[in-house]
Structure formats: C-alpha cells, structure tokens
$ cat entry_33.txt   # compact mmCIF, C-alpha atoms
# COMPACT_ATOMS: atom_id res chain seq x y z
CA ASP A 140 39.79 2.55 -28.34
CA ASP A 141 41.08 -0.89 -27.39
CA LEU A 142 38.98 -0.78 -24.27
CA ALA A 143 35.94 0.26 -26.28
CA ASP A 144 36.47 -2.66 -28.65
CA GLU A 145 36.75 -5.07 -25.75
CA MET A 146 33.59 -3.69 -24.23
CA GLU A 147 31.71 -4.23 -27.46
CA ASP A 148 32.50 -7.94 -27.28
CA VAL A 149 30.98 -8.28 -23.84
CA ASP A 150 27.37 -9.43 -23.90
CA PHE A 151 25.88 -7.52 -21.01
CA ASP A 152 22.46 -9.10 -21.35
CA ASP A 153 23.59 -12.56 -20.36
CA GLU A 154 26.33 -11.67 -17.97
CA GLY A 155 25.44 -12.58 -14.42
CA ALA A 156 21.93 -13.62 -15.39
CA ASP A 157 22.31 -16.87 -13.48
CA GLU A 158 23.80 -15.27 -10.41
CA PRO A 159 21.18 -14.71 -7.75
CA ASP A 160 22.72 -11.38 -6.80
CA ALA A 161 22.81 -10.04 -10.34
CA GLU A 162 19.65 -8.01 -9.91
CA ALA A 163 20.66 -6.62 -6.56
CA TRP A 164 23.95 -5.46 -8.02
CA GLU A 165 22.30 -3.80 -10.96
CA THR A 166 19.88 -1.83 -8.84
CA GLU A 167 22.59 -0.65 -6.50
CA GLU A 168 24.65 0.72 -9.36
CA ASP A 169 21.60 2.31 -10.94
CA ASP A 170 20.62 3.82 -7.63
CA GLU A 171 23.82 5.78 -7.37
CA GLY A 172 23.05 7.69 -10.53
CA VAL A 173 19.45 8.06 -9.49
CA GLU A 174 20.43 9.29 -6.05
CA ASP A 175 22.49 12.14 -7.44
CA SER A 176 19.64 13.42 -9.54
CA MET A 177 17.05 12.77 -6.84
CA GLU A 178 18.91 14.51 -4.08
CA ALA A 179 19.13 17.68 -6.11
CA GLN A 180 15.42 18.39 -5.70
CA ASP A 181 13.56 18.42 -2.39
CA ASP A 182 10.00 19.72 -2.50
CA SER A 183 9.18 18.60 1.05
CA GLU A 184 8.31 20.93 3.95
CA VAL A 185 9.35 18.62 6.81
CA THR A 186 11.71 15.65 6.97
CA PHE A 187 11.48 13.11 9.78
CA SER A 188 14.79 11.29 10.10
CA LEU A 189 14.83 9.33 13.37
CA HIS A 190 14.62 5.97 11.58
CA SER A 191 17.96 4.30 10.90
CA ALA A 192 16.76 1.97 8.10
CA SER A 193 14.01 1.79 5.46
CA VAL A 194 10.67 3.22 6.59
CA PHE A 195 7.95 0.76 5.56
CA CYS A 196 4.65 2.28 6.63
CA VAL A 197 2.90 5.51 7.53
CA SER A 198 -0.55 6.46 8.77
CA LEU A 199 -2.09 9.80 9.77
CA ASP A 200 -4.36 10.32 12.74
CA PRO A 201 -7.88 10.61 11.26
CA LYS A 202 -9.35 12.99 13.84
CA THR A 203 -6.96 15.94 13.67
CA ASN A 204 -4.62 15.00 10.81
CA THR A 205 -1.76 16.51 12.83
CA LEU A 206 0.11 13.30 13.76
CA ALA A 207 1.83 10.55 11.82
CA VAL A 208 2.99 7.11 12.88
CA THR A 209 5.82 5.48 10.93
CA GLY A 210 7.34 2.00 11.22
CA GLY A 211 10.61 0.74 9.83
CA GLU A 212 13.21 -1.91 9.23
CA ASP A 213 15.04 -0.67 12.33
CA ASP A 214 12.34 -2.45 14.47
CA LYS A 215 11.07 0.96 15.55
CA ALA A 216 7.84 2.91 15.29
CA PHE A 217 7.45 6.60 16.08
CA VAL A 218 4.48 8.92 16.56
CA TRP A 219 5.42 12.44 15.46
CA ARG A 220 3.97 15.83 14.58
CA LEU A 221 3.46 16.71 10.92
CA SER A 222 3.95 20.44 11.42
CA ASP A 223 7.58 20.23 12.52
CA GLY A 224 8.58 16.56 12.61
CA GLU A 225 8.76 16.69 16.42
CA LEU A 226 8.74 13.25 18.09
CA LEU A 227 5.74 12.65 20.35
CA PHE A 228 6.73 9.18 21.51
CA GLU A 229 8.42 5.97 20.42
CA CYS A 230 6.39 2.75 20.21
CA SER A 231 9.16 0.65 21.72
CA GLY A 232 9.64 -3.06 22.25
CA HIS A 233 9.37 -4.49 18.74
CA LYS A 234 11.72 -7.32 17.83
CA ASP A 235 11.40 -7.20 14.04
CA SER A 236 10.72 -4.75 11.20
CA VAL A 237 7.59 -2.71 11.90
CA THR A 238 5.54 -3.19 8.73
CA CYS A 239 2.08 -2.09 9.92
CA ALA A 240 1.03 0.99 11.88
CA GLY A 241 -2.22 2.89 12.17
CA PHE A 242 -4.51 5.04 14.30
CA SER A 243 -7.99 4.01 15.44
CA HIS A 244 -10.94 5.81 13.77
CA ASP A 245 -11.08 8.42 16.57
CA SER A 246 -7.28 8.78 17.00
CA VAL A 247 -7.48 7.52 20.61
CA PHE A 248 -5.21 4.53 19.96
CA VAL A 249 -2.29 3.77 17.69
CA ALA A 250 -1.38 0.18 16.78
CA THR A 251 2.00 -1.06 15.56
CA GLY A 252 2.77 -4.52 14.22
CA ASP A 253 6.07 -6.15 13.31
CA MET A 254 6.84 -8.94 10.84
CA SER A 255 7.23 -11.56 13.53
CA GLY A 256 3.63 -10.96 14.62
CA LEU A 257 4.05 -8.83 17.74
CA ILE A 258 1.23 -6.28 17.84
CA LYS A 259 1.14 -3.40 20.32
CA VAL A 260 -1.50 -0.76 20.96
CA TRP A 261 -0.75 2.59 22.60
CA ARG A 262 -3.01 5.26 23.99
CA VAL A 263 -2.04 8.44 22.16
CA ASP A 264 -2.80 11.01 24.90
CA THR A 265 -0.97 9.14 27.68
CA LYS A 266 1.67 7.65 25.33
CA GLU A 267 1.30 4.36 27.21
CA GLU A 268 1.09 0.82 25.88
CA VAL A 269 -2.37 -0.56 26.71
CA TRP A 270 -2.35 -3.94 24.96
CA SER A 271 -0.10 -6.36 23.12
CA PHE A 272 -0.45 -9.78 21.54
CA GLU A 273 1.67 -12.13 19.48
CA VAL A 274 0.36 -13.95 16.40
CA GLY A 275 2.08 -15.73 13.50
CA ASP A 276 4.04 -13.76 10.89
CA LEU A 277 2.07 -10.59 10.18
CA GLU A 278 0.84 -9.80 6.65
CA TRP A 279 -1.48 -6.80 7.20
CA MET A 280 -3.35 -4.91 9.91
CA GLU A 281 -6.42 -2.68 9.84
CA TRP A 282 -8.56 -0.76 12.33
CA HIS A 283 -12.35 -1.01 12.23
CA PRO A 284 -13.89 2.16 10.69
CA GLN A 285 -16.25 2.81 13.65
CA ALA A 286 -15.00 0.87 16.67
CA HIS A 287 -11.91 0.09 18.75
CA VAL A 288 -11.48 -3.21 16.95
CA LEU A 289 -8.32 -4.41 15.22
CA LEU A 290 -8.18 -6.95 12.38
CA VAL A 291 -4.97 -8.58 11.16
CA GLY A 292 -4.02 -11.28 8.66
CA THR A 293 -1.18 -13.73 9.21
CA ALA A 294 1.02 -16.05 7.16
CA ASP A 295 -0.75 -19.17 8.47
CA GLY A 296 -3.96 -18.07 6.72
CA ASN A 297 -5.81 -16.88 9.79
CA SER A 298 -7.34 -13.47 10.36
CA TRP A 299 -7.59 -12.27 13.97
CA MET A 300 -9.96 -9.69 15.40
CA TRP A 301 -9.67 -8.09 18.84
CA LYS A 302 -11.60 -5.56 20.85
CA ILE A 303 -9.15 -3.01 22.22
CA PRO A 304 -8.12 -2.75 25.00
CA SER A 305 -10.09 -5.70 26.47
CA GLY A 306 -8.51 -8.16 24.03
CA ASP A 307 -11.71 -10.15 23.32
CA CYS A 308 -10.72 -12.22 20.32
CA LYS A 309 -12.18 -13.95 17.25
CA THR A 310 -10.34 -15.84 14.52
CA PHE A 311 -11.35 -16.45 10.93
CA GLN A 312 -9.71 -19.53 9.51
CA GLY A 313 -8.68 -19.22 5.89
CA PRO A 314 -6.99 -21.78 3.62
CA ALA A 315 -3.61 -23.05 4.79
CA CYS A 316 -1.69 -20.25 3.07
CA PRO A 317 -0.98 -16.60 3.93
CA ALA A 318 -3.84 -14.10 4.22
CA THR A 319 -2.06 -11.58 2.01
CA CYS A 320 -4.44 -8.59 2.16
CA GLY A 321 -7.64 -7.54 3.87
CA ARG A 322 -10.13 -4.72 4.28
CA ILE A 323 -13.10 -4.13 6.58
CA LEU A 324 -16.07 -3.03 4.48
CA PRO A 325 -17.68 0.37 5.21
CA ASP A 326 -20.71 -1.24 6.92
CA GLY A 327 -18.29 -2.46 9.63
CA LYS A 328 -20.02 -5.85 9.61
CA ARG A 329 -18.03 -7.62 6.91
CA ALA A 330 -14.41 -7.95 5.87
CA VAL A 331 -12.88 -9.07 2.60
CA VAL A 332 -9.66 -11.09 2.84
CA GLY A 333 -7.41 -12.21 -0.04
CA TYR A 334 -5.12 -15.23 0.12
CA GLU A 335 -1.93 -16.47 -1.46
CA ASP A 336 -3.72 -19.31 -3.28
CA GLY A 337 -5.73 -16.78 -5.31
CA THR A 338 -8.94 -17.14 -3.31
CA MET A 339 -10.93 -14.35 -1.69
CA ARG A 340 -13.42 -14.58 1.16
CA ILE A 341 -16.01 -12.18 2.49
CA TRP A 342 -16.39 -12.75 6.23
CA ASP A 343 -19.28 -11.93 8.55
CA LEU A 344 -17.37 -10.36 11.45
CA LYS A 345 -20.10 -10.95 14.03
CA GLN A 346 -20.87 -14.57 13.18
CA GLY A 347 -17.28 -15.45 12.26
CA THR A 348 -18.62 -17.20 9.15
CA SER A 349 -17.61 -16.94 5.52
CA LEU A 350 -20.39 -15.32 3.42
CA HIS A 351 -18.78 -15.78 -0.01
CA VAL A 352 -15.72 -17.59 -1.33
CA LEU A 353 -14.20 -16.84 -4.72
CA LYS A 354 -11.94 -19.59 -5.98
CA GLY A 355 -11.06 -21.52 -9.13
CA GLN A 356 -12.08 -19.58 -12.24
CA ASP A 357 -13.80 -16.90 -10.15
CA GLY A 358 -10.72 -16.38 -8.01
CA HIS A 359 -7.25 -15.34 -9.13
CA GLN A 360 -4.59 -17.61 -10.56
CA ASP A 361 -1.88 -16.13 -8.33
CA PRO A 362 -1.63 -14.56 -4.85
CA LEU A 363 -3.81 -11.55 -4.11
CA THR A 364 -1.85 -8.37 -3.47
CA CYS A 365 -4.55 -5.82 -2.61
CA VAL A 366 -8.28 -5.32 -2.04
CA ALA A 367 -10.44 -2.19 -1.96
CA SER A 368 -14.10 -1.31 -1.70
CA ASN A 369 -16.14 1.62 -2.94
CA GLN A 370 -17.65 4.15 -0.54
CA ASP A 371 -20.87 2.25 0.22
CA GLY A 372 -19.20 -1.18 0.18
CA SER A 373 -21.38 -2.51 -2.65
CA LEU A 374 -18.37 -3.16 -4.87
CA ILE A 375 -15.05 -4.79 -4.08
CA MET A 376 -11.96 -4.85 -6.23
CA THR A 377 -9.17 -7.41 -5.88
CA GLY A 378 -5.69 -7.23 -7.42
CA SER A 379 -3.25 -10.06 -7.92
CA VAL A 380 0.18 -11.14 -9.08
CA ASP A 381 -1.69 -12.56 -12.11
CA CYS A 382 -2.09 -8.92 -13.32
CA HIS A 383 -5.87 -9.09 -13.21
CA ALA A 384 -8.13 -6.79 -11.21
CA LYS A 385 -11.58 -8.22 -10.46
CA LEU A 386 -14.68 -6.18 -9.73
CA ILE A 387 -17.01 -8.05 -7.36
CA ASN A 388 -20.54 -7.43 -6.12
CA SER A 389 -20.13 -7.70 -2.34
CA ALA A 390 -23.77 -8.70 -1.74
CA THR A 391 -23.77 -11.66 -4.13
CA GLY A 392 -20.04 -12.46 -4.17
CA LYS A 393 -20.24 -12.58 -7.98
CA VAL A 394 -17.54 -11.25 -10.31
CA VAL A 395 -18.94 -8.30 -12.26
CA CYS A 396 -15.98 -7.93 -14.59
CA VAL A 397 -12.26 -8.57 -14.92
CA PHE A 398 -9.78 -5.86 -15.90
CA LYS A 399 -6.82 -7.53 -17.60
CA THR A 400 -3.46 -6.06 -18.56
CA GLU A 401 -3.86 -7.49 -22.07
CA SER A 402 -6.30 -4.69 -22.72
CA ILE A 403 -3.59 -2.21 -21.74
CA ALA A 404 -0.49 -3.49 -23.49
CA PRO A 405 0.21 -5.95 -26.30
CA LYS A 406 1.51 -9.30 -25.15
CA PRO A 407 5.32 -9.26 -25.04
CA SER A 408 7.21 -11.45 -27.46
CA ALA A 409 8.95 -14.57 -26.16
CA GLY A 410 12.24 -12.70 -25.91
CA GLU A 411 10.74 -10.38 -23.34
CA GLY A 412 9.03 -13.20 -21.52
CA GLU A 413 10.93 -12.72 -18.29
CA GLU A 414 10.00 -9.05 -18.10
CA ALA A 415 6.34 -9.81 -18.57
CA GLU A 416 6.26 -12.22 -15.66
CA SER A 417 7.47 -9.60 -13.22
CA ASN A 418 4.36 -7.47 -13.61
CA SER A 419 1.56 -7.50 -11.03
CA VAL A 420 -1.24 -5.37 -9.61
CA GLU A 421 0.28 -3.48 -6.66
CA SER A 422 -2.52 -1.14 -5.57
CA LEU A 423 -6.06 -0.18 -6.48
CA GLY A 424 -8.91 2.03 -5.34
CA PHE A 425 -12.28 3.57 -6.16
CA CYS A 426 -13.04 7.23 -6.84
CA ASN A 427 -15.71 8.64 -4.50
CA VAL A 428 -17.14 11.26 -6.85
CA MET A 429 -17.23 9.48 -10.22
CA PRO A 430 -17.70 5.83 -11.30
CA LEU A 431 -13.97 5.35 -11.76
CA ALA A 432 -11.41 2.92 -10.39
CA ALA A 433 -7.61 3.09 -10.55
CA VAL A 434 -5.22 0.15 -10.77
CA GLY A 435 -1.45 0.55 -10.31
CA TYR A 436 0.92 -2.02 -11.78
CA LEU A 437 4.51 -2.97 -11.04
CA ASP A 438 5.47 -2.11 -14.64
CA GLY A 439 4.59 1.53 -13.92
CA THR A 440 1.17 1.62 -15.58
CA LEU A 441 -1.62 3.51 -13.85
CA ALA A 442 -4.88 2.39 -15.45
CA ILE A 443 -8.08 4.39 -14.91
CA TYR A 444 -11.16 2.26 -15.59
CA ASP A 445 -14.68 3.49 -16.21
CA LEU A 446 -16.96 1.32 -14.07
CA SER A 447 -20.17 2.17 -15.93
CA THR A 448 -18.79 0.92 -19.25
CA GLN A 449 -16.24 -1.46 -17.68
CA SER A 450 -13.60 -0.11 -20.05
CA LEU A 451 -10.12 1.41 -19.86
CA ARG A 452 -10.43 5.18 -19.82
CA HIS A 453 -6.83 6.33 -19.39
CA LYS A 454 -3.39 4.83 -19.14
CA CYS A 455 -0.79 6.93 -17.32
CA GLN A 456 2.75 5.64 -17.65
CA HIS A 457 5.40 5.91 -14.93
CA GLU A 458 9.10 5.29 -15.54
CA SER A 459 9.20 2.79 -12.70
CA GLY A 460 6.87 0.57 -10.70
CA ILE A 461 3.91 1.95 -8.77
CA VAL A 462 4.05 1.07 -5.09
CA GLN A 463 0.72 2.50 -4.00
CA LEU A 464 -2.11 4.72 -5.13
CA LEU A 465 -4.72 6.75 -3.22
CA TRP A 466 -7.72 8.76 -4.38
CA GLU A 467 -8.47 12.21 -3.05
CA GLU A 468 -11.57 11.98 -0.87
CA SER A 469 -13.73 14.47 -2.73
CA SER A 470 -12.35 14.78 -6.26
CA ALA A 471 -11.27 12.72 -9.25
CA VAL A 472 -7.57 13.13 -8.43
CA VAL A 473 -5.46 10.04 -7.86
CA TYR A 474 -2.02 10.04 -6.16
CA THR A 475 0.71 7.55 -6.94
CA CYS A 476 4.07 6.86 -5.34
CA SER A 477 6.66 4.85 -7.17
CA LEU A 478 10.04 3.20 -7.06
CA ASP A 479 11.66 6.30 -8.57
CA GLY A 480 11.01 8.22 -5.32
CA ALA A 481 8.37 10.63 -6.63
CA VAL A 482 4.74 11.33 -5.68
CA ARG A 483 2.49 12.24 -8.61
CA LEU A 484 -1.01 13.66 -8.80
CA TRP A 485 -3.16 12.67 -11.80
CA ASP A 486 -6.44 14.04 -13.05
CA ALA A 487 -8.46 10.88 -13.67
CA ARG A 488 -10.86 12.68 -16.00
CA SER A 489 -8.19 13.72 -18.47
CA GLY A 490 -5.48 11.20 -17.62
CA LYS A 491 -2.99 14.09 -17.35
CA MET A 492 -0.41 14.51 -14.61
CA ILE A 493 -1.21 17.53 -12.42
CA SER A 494 2.04 17.74 -10.48
CA GLU A 495 4.97 15.77 -9.17
CA TYR A 496 6.87 16.03 -5.88
CA ARG A 497 10.39 14.80 -5.20
CA GLY A 498 12.73 14.75 -2.24
CA HIS A 499 13.61 11.12 -1.53
CA SER A 500 16.89 9.56 -2.62
CA ALA A 501 15.37 6.06 -2.79
CA GLU A 502 12.07 4.38 -3.59
CA ILE A 503 8.90 5.44 -1.75
CA LEU A 504 7.50 2.48 0.20
CA ASP A 505 4.26 3.94 1.55
CA PHE A 506 2.37 7.22 1.69
CA ALA A 507 -0.73 8.83 3.16
CA VAL A 508 -2.89 11.82 2.19
CA ASN A 509 -4.68 13.96 4.77
CA LYS A 510 -8.45 14.56 4.71
CA ASP A 511 -8.50 17.86 2.84
CA ALA A 512 -5.80 16.68 0.42
CA SER A 513 -3.39 19.45 1.36
CA ILE A 514 -0.60 17.23 2.69
CA VAL A 515 1.09 14.02 1.54
CA VAL A 516 3.37 12.09 3.91
CA THR A 517 5.80 9.60 2.36
CA THR A 518 8.17 6.94 3.71
CA SER A 519 11.18 5.65 1.84
CA GLY A 520 14.10 3.29 1.59
CA ASP A 521 16.31 6.32 2.28
CA HIS A 522 15.43 6.00 6.03
CA GLN A 523 13.29 9.15 5.94
CA ALA A 524 9.68 10.22 6.06
CA LYS A 525 8.72 13.48 4.37
CA VAL A 526 5.78 15.88 4.48
CA PHE A 527 4.79 17.56 1.21
CA CYS A 528 2.29 20.41 0.87
CA VAL A 529 0.24 19.71 -2.25
CA GLN A 530 -2.52 22.29 -1.90
CA ARG A 531 -3.24 24.22 -5.06
CA PRO A 532 -5.51 27.25 -5.37
CA ASP A 533 -7.26 25.93 -8.47
CA ARG A 534 -8.30 22.63 -6.86

$ encode --input "entry_33.txt" --output "structure tokens"
Amino acid sequence: DDLADEMEDVDFDDEGADEPDAEAWETEEDDEGVEDSMEAQDDSEVTFSLHSASVFCVSLDPKTNTLAVTGGEDDKAFVWRLSDGELLFECSGHKDSVTCAGFSHDSVFVATGDMSGLIKVWRVDTKEEVWSFEVGDLEWMEWHPQAHVLLVGTADGNSWMWKIPSGDCKTFQGPACPATCGRILPDGKRAVVGYEDGTMRIWDLKQGTSLHVLKGQDGHQDPLTCVASNQDGSLIMTGSVDCHAKLINSATGKVVCVFKTESIAPKPSAGEGEEAESNSVESLGFCNVMPLAAVGYLDGTLAIYDLSTQSLRHKCQHESGIVQLLWEESSAVVYTCSLDGAVRLWDARSGKMISEYRGHSAEILDFAVNKDASIVVTTSGDHQAKVFCVQRPDR
C-alpha cells in the first residue's frame, strides 16, 4: 500500500520529458510486453533469418516472383528464394546499412544501395557484380519500368540516372536540400521527385530538364515523404510531413486537390499539441480498378479517398503508425504494414479489414506483394524477413 501511495504521487507524464532518451526508453519497455504477445502468433510460411540486424527493405523479382532481395542494418543484402528461404547469393561489399534494393523490370539485374551512397548492381543468373558507383548519401532508388536504367535521389538534392551496365550517366539538379522521394512515371519518360524543402519537380528524363515545379503555396510546407502515380501516369500524389496529400495533374503540373488530415480528425487541443506534431503522411497509392486513393499516416490512420468526388470515403484506424501501404494490382484491396508488426488487408469499398497476419516480434519496416496477390513478404526490426500466404478462395 505504501508503495502504491508513493507511486500515485509520481507524475509520469512529465518525468523524463526533457531527457533525449526518454522516448527510446519508453519504447523499449513497451516492446517487451508487445514482443511476448507478438511472438505467440506466427502466420508466416517461411522465415529468412540471415540478417543480424534490422531488415530495412525488400523487393520481389517481377518476372517470376520467386526471388526476394533484402537489405539491412548489418550492411548486407541477400537474394533468396521465397519458396524455402534458401540463399541464392549475398550482395557483398557494402560499408553502411543497405536501405534500397530492387530488381530490374525483367529480373535480369538486382541493385543494392547503402546509406553512404554506394550502389552496386548484380547479374542475377551469374550472381556477379556488373557495376558499382558511389554518390552522396542515398535517399531512394528506383529501376526504370521498361529499361535497364537506374534512378536515385541523394541528400545533396541531386537525382542520378544511369544506364546499366554501361554506366552512362545524367544528373538532375534539385534545390540544395535532400531529394527525399522519387518515382519514374509509367510512360518511362518523366520522373517526379520530392524534396525536403516541400517542393516537387517533374523531370523530363531525356532532356534532363524540369517540366514543372511545385513550390510555395502549391508545394508542401514540410519535407515530402512519398510520391505515387496512377496507372496511366496522368495523376500524381505527394505526401508530406505537413500531413497533406496533394493530387496533381502530371501534364499541367497543377494541384487538383489537397487531402488534409483536418477532414479526418478534429484538431487536437493545446494539451495534445506535441502528439499532433508527430503525425505525417508515410505512404500513399492509387487503386487500379476504381477511382480510389489510399493515404497512410504515422498516427495509424488509413484514409481511403474517392477521387471522383475528392472526398474521404473510409477511415480505417490502426493501433500504431502505418509504415507502408500497397494496393493489390487488380482489385480494390489495400495492404498496410505497421509499427505493431502486423500486415493487414482492407477492402477499400467497405472500409472493413479482411484479414491480419502476424509473426514479427518488432515493427515491420518494409513489405512487398507478388503479382497475383497470393504472397506478402515483410522485413522487420526483429532481424527477420517473412513470407506470408494471403490467398483466399473468395478473392
């Protein structure tokens, strides 16, 4: 009883608020409880556990959907088989956390990039390194949808484009701040790049010129976190730390509409001010079969917007922050992975959760869905990658 009385006098809210490590401590303690409950359930078919630290990224080979490449905090990247987790080869030689990894459109090459800016390309069939290059600190990396061309964005604001394996190079000079996200549009001729100063540019890849620049009121007030385009590339969506998602006509560079979080949740009172500031748009994407777009927020909200009426259609709440979302290629099903270590499938028409898969004992950091939406591959802070079978007879 005495102890209980003493505890009541302690004001937990303020304790340690000024200490920089306060948050880190809290999450570690919370994680222990979470880990116990998370470890109990493992819905995965295959676990890949050769990484010795957090696994940051995953990509599936587009041609056969039988291989995965994962990169991690252990400065390693591995190409492995989905069916049994068997290692095909290690992409060796990185000197920093491997944060980007992906296969070319025809699965001939796999590229891996680390935080320090060392990029390597390997030929998958021979397992041999065919090209490497060093740029500034790496922010993102993307293969061209139809060619052996690699595009990356760096912390100095530049975007680099190379032909692989010849190494012919072009650079696109952005503002003097990090190029935080980028995407090659489906026509293969243009790329959209978002920057830390809130601006967005649409680049002509052939000419190396900027077709449209969104800045000031048209741009975002905070760094861009993600960009996406619809299937024909006519619409672009940008997400930012400012919690806004902007819909942009890619031909004119004009903002069509702005989706704001205010329309989702009431503004927090001053007391909750700190919480409110930590929200941001983390991931977004377009549905291929209906005029819908999904936006995932750090506060755990998945918002489904109707593009034809430019209105919020559904709000799906997660207990913890959404890390990434992906749409199924040929249906109105959206997948989310979150900091609580679960993958969830949502029906965007009804806003209802279809199913949830668990197996990680820490947050999921990245995930990929195969072409026929039968398999999800996740990577996590628990040093593992997992393969989940998500096929359902009624879908």

$ closest_residue --input "entry_33.txt" --among "A:Leu353, A:Cys320, A:Leu221, A:Ala384" --to "Ser183 of chain A" --atoms "all atoms listed in the file"
A:Leu221

$ residues_around --input "entry_33.txt" --residues "Ser236 of chain A" --least-positions-apart "3" --cutoff "10 Å" --atoms "all atoms listed in the file" --output "count of residues only"
17

$ closest_atom_pairs --input "entry_33.txt" --of "segment 310-351 of chain A" --to "segment 289-300 of chain A" --cutoff "10 Å" --atoms "only C-alpha atoms" --output "JSON lines"
{"residue": "A:Thr310", "atom": "CA", "partner": "A:Trp299", "partner_atom": "CA", "distance": 4.5}
{"residue": "A:Phe311", "atom": "CA", "partner": "A:Ser298", "partner_atom": "CA", "distance": 5.0}
{"residue": "A:Gln312", "atom": "CA", "partner": "A:Asn297", "partner_atom": "CA", "distance": 4.7}
{"residue": "A:Gly313", "atom": "CA", "partner": "A:Gly296", "partner_atom": "CA", "distance": 4.9}
{"residue": "A:Pro314", "atom": "CA", "partner": "A:Gly296", "partner_atom": "CA", "distance": 5.7}
{"residue": "A:Ala315", "atom": "CA", "partner": "A:Gly296", "partner_atom": "CA", "distance": 5.4}
{"residue": "A:Cys316", "atom": "CA", "partner": "A:Gly296", "partner_atom": "CA", "distance": 4.8}
{"residue": "A:Pro317", "atom": "CA", "partner": "A:Ala294", "partner_atom": "CA", "distance": 3.8}
{"residue": "A:Ala318", "atom": "CA", "partner": "A:Gly296", "partner_atom": "CA", "distance": 4.7}
{"residue": "A:Thr319", "atom": "CA", "partner": "A:Gly292", "partner_atom": "CA", "distance": 6.9}
{"residue": "A:Cys320", "atom": "CA", "partner": "A:Gly292", "partner_atom": "CA", "distance": 7.0}
{"residue": "A:Gly321", "atom": "CA", "partner": "A:Gly292", "partner_atom": "CA", "distance": 7.1}
{"residue": "A:Arg322", "atom": "CA", "partner": "A:Leu290", "partner_atom": "CA", "distance": 8.6}
{"residue": "A:Ile323", "atom": "CA", "partner": "A:Leu290", "partner_atom": "CA", "distance": 8.1}
{"residue": "A:Ala330", "atom": "CA", "partner": "A:Leu290", "partner_atom": "CA", "distance": 9.1}
{"residue": "A:Val332", "atom": "CA", "partner": "A:Gly292", "partner_atom": "CA", "distance": 8.1}
{"residue": "A:Gly333", "atom": "CA", "partner": "A:Gly292", "partner_atom": "CA", "distance": 9.4}
{"residue": "A:Tyr334", "atom": "CA", "partner": "A:Gly296", "partner_atom": "CA", "distance": 7.3}
{"residue": "A:Glu335", "atom": "CA", "partner": "A:Gly296", "partner_atom": "CA", "distance": 8.6}
{"residue": "A:Trp342", "atom": "CA", "partner": "A:Ser298", "partner_atom": "CA", "distance": 10.0}
{"residue": "A:Leu344", "atom": "CA", "partner": "A:Met300", "partner_atom": "CA", "distance": 8.4}
{"residue": "A:Gly347", "atom": "CA", "partner": "A:Met300", "partner_atom": "CA", "distance": 9.8}

$ atom_distance --input "entry_33.txt" --atom1 "atom CA of Glu502 of chain A" --atom2 "atom CA of Val482 of chain A"
10.3 Å

$ axis_aligned_box --input "entry_33.txt" --around "segment 470-474 of chain A" --padding-each-side "5 Å" --output "AutoDock Vina command-line options"
--center_x -7.2 --center_y 12.4 --center_z -7.7 --size_x 20.3 --size_y 14.7 --size_z 13.1

$ residues_around --input "entry_33.txt" --residues "segment 360-373 of chain A" --least-positions-apart "4" --cutoff "8 Å" --atoms "all atoms listed in the file" --output "number ranges by chain"
A: 319-322, 324-326, 331-338, 355-356, 377-381, 388-390, 420-427

$ atom_distance --input "entry_33.txt" --atom1 "atom CA of Tyr474 of chain A" --atom2 "atom CA of Val508 of chain A"
8.6 Å

$ residues_around --input "entry_33.txt" --residues "Leu227 of chain A" --least-positions-apart "3" --cutoff "9 Å" --atoms "all atoms listed in the file" --output "ChimeraX atom specification"
/A:206,217-220,266

$ residues_around --input "entry_33.txt" --residues "Gln523 of chain A" --least-positions-apart "2" --cutoff "9 Å" --atoms "only C-alpha atoms" --output "ChimeraX atom specification"
/A:186-194,499,517-521,525

$ residues_around --input "entry_33.txt" --residues "Thr475 of chain A" --least-positions-apart "2" --cutoff "6 Å" --atoms "all atoms listed in the file" --output "list in words"
Gln463, Leu464, Val482 and Arg483 of chain A

$ write_last_selection --input "entry_33.txt" --atoms "C-alpha atoms" --output "PDB file, in the frame of the given file"
ATOM      1  CA  GLN A 463       0.720   2.500  -4.000  1.00  0.00           C
ATOM      2  CA  LEU A 464      -2.110   4.720  -5.130  1.00  0.00           C
ATOM      3  CA  VAL A 482       4.740  11.330  -5.680  1.00  0.00           C
ATOM      4  CA  ARG A 483       2.490  12.240  -8.610  1.00  0.00           C
TER       5      ARG A 483
END

$ atom_distance --input "entry_33.txt" --atom1 "atom CA of Leu484 of chain A" --atom2 "atom CA of Thr400 of chain A"
22.1 Å

$ closest_residue --input "entry_33.txt" --among "A:Gly490, A:Cys476, A:Gly358, A:Val428" --to "Val397 of chain A" --atoms "all atoms listed in the file"
A:Gly358

$ closest_residue --input "entry_33.txt" --among "A:Phe527, A:Leu465, A:Ala471, A:Leu451" --to "Glu495 of chain A" --atoms "all atoms listed in the file"
A:Phe527

$ closest_residue --input "entry_33.txt" --among "A:His522, A:Lys510, A:His383, A:Lys491" --to "Pro201 of chain A" --atoms "all atoms listed in the file"
A:Lys510

$ closest_residue --input "entry_33.txt" --among "A:Val472, A:Val516, A:Leu386, A:Met492" --to "Leu446 of chain A" --atoms "all atoms listed in the file"
A:Leu386

$ residues_near_point --input "entry_33.txt" --point "(-0.8, 8.0, 11.1)" --cutoff "9 Å" --atoms "only C-alpha atoms" --output "PyMOL selection string"
chain A and resi 197-201+204-209+218-219+240-242+246+249+507

$ residues_near_point --input "entry_33.txt" --point "(-6.4, 7.5, 23.4)" --cutoff "9 Å" --atoms "all atoms listed in the file" --output "ChimeraX atom specification"
/A:243,245-249,261-266

$ closest_residue --input "entry_33.txt" --among "A:Met280, A:Val529, A:Val185, A:Leu437" --to "Ile514 of chain A" --atoms "all atoms listed in the file"
A:Val529

$ decode --input "entry_33.txt" --residues "segment 207-213 of chain A" --atoms "N, CA, C and O atoms" --output "compact mmCIF listing (two decimals), in the first residue's frame"
# COMPACT_ATOMS: atom_id res chain seq x y z
N ALA A 207 13.45 -12.93 -53.67
CA ALA A 207 13.39 -11.67 -52.93
C ALA A 207 14.81 -11.17 -52.74
O ALA A 207 15.76 -11.96 -52.69
N VAL A 208 14.94 -9.83 -52.65
CA VAL A 208 16.21 -9.26 -52.21
C VAL A 208 15.89 -8.43 -50.97
O VAL A 208 14.89 -7.70 -50.93
N THR A 209 16.70 -8.60 -49.92
CA THR A 209 16.51 -7.83 -48.69
C THR A 209 17.81 -7.14 -48.32
O THR A 209 18.90 -7.67 -48.56
N GLY A 210 17.69 -5.95 -47.72
CA GLY A 210 18.87 -5.20 -47.28
C GLY A 210 18.67 -4.78 -45.84
O GLY A 210 17.54 -4.55 -45.40
N GLY A 211 19.79 -4.70 -45.09
CA GLY A 211 19.62 -4.42 -43.67
C GLY A 211 20.69 -3.56 -43.04
O GLY A 211 21.66 -3.13 -43.67
N GLU A 212 20.48 -3.34 -41.75
CA GLU A 212 21.35 -2.50 -40.93
C GLU A 212 22.71 -3.16 -40.72
O GLU A 212 23.66 -2.53 -40.27
N ASP A 213 22.79 -4.47 -41.05
CA ASP A 213 24.05 -5.20 -40.88
C ASP A 213 24.98 -4.98 -42.09
O ASP A 213 25.96 -5.71 -42.26
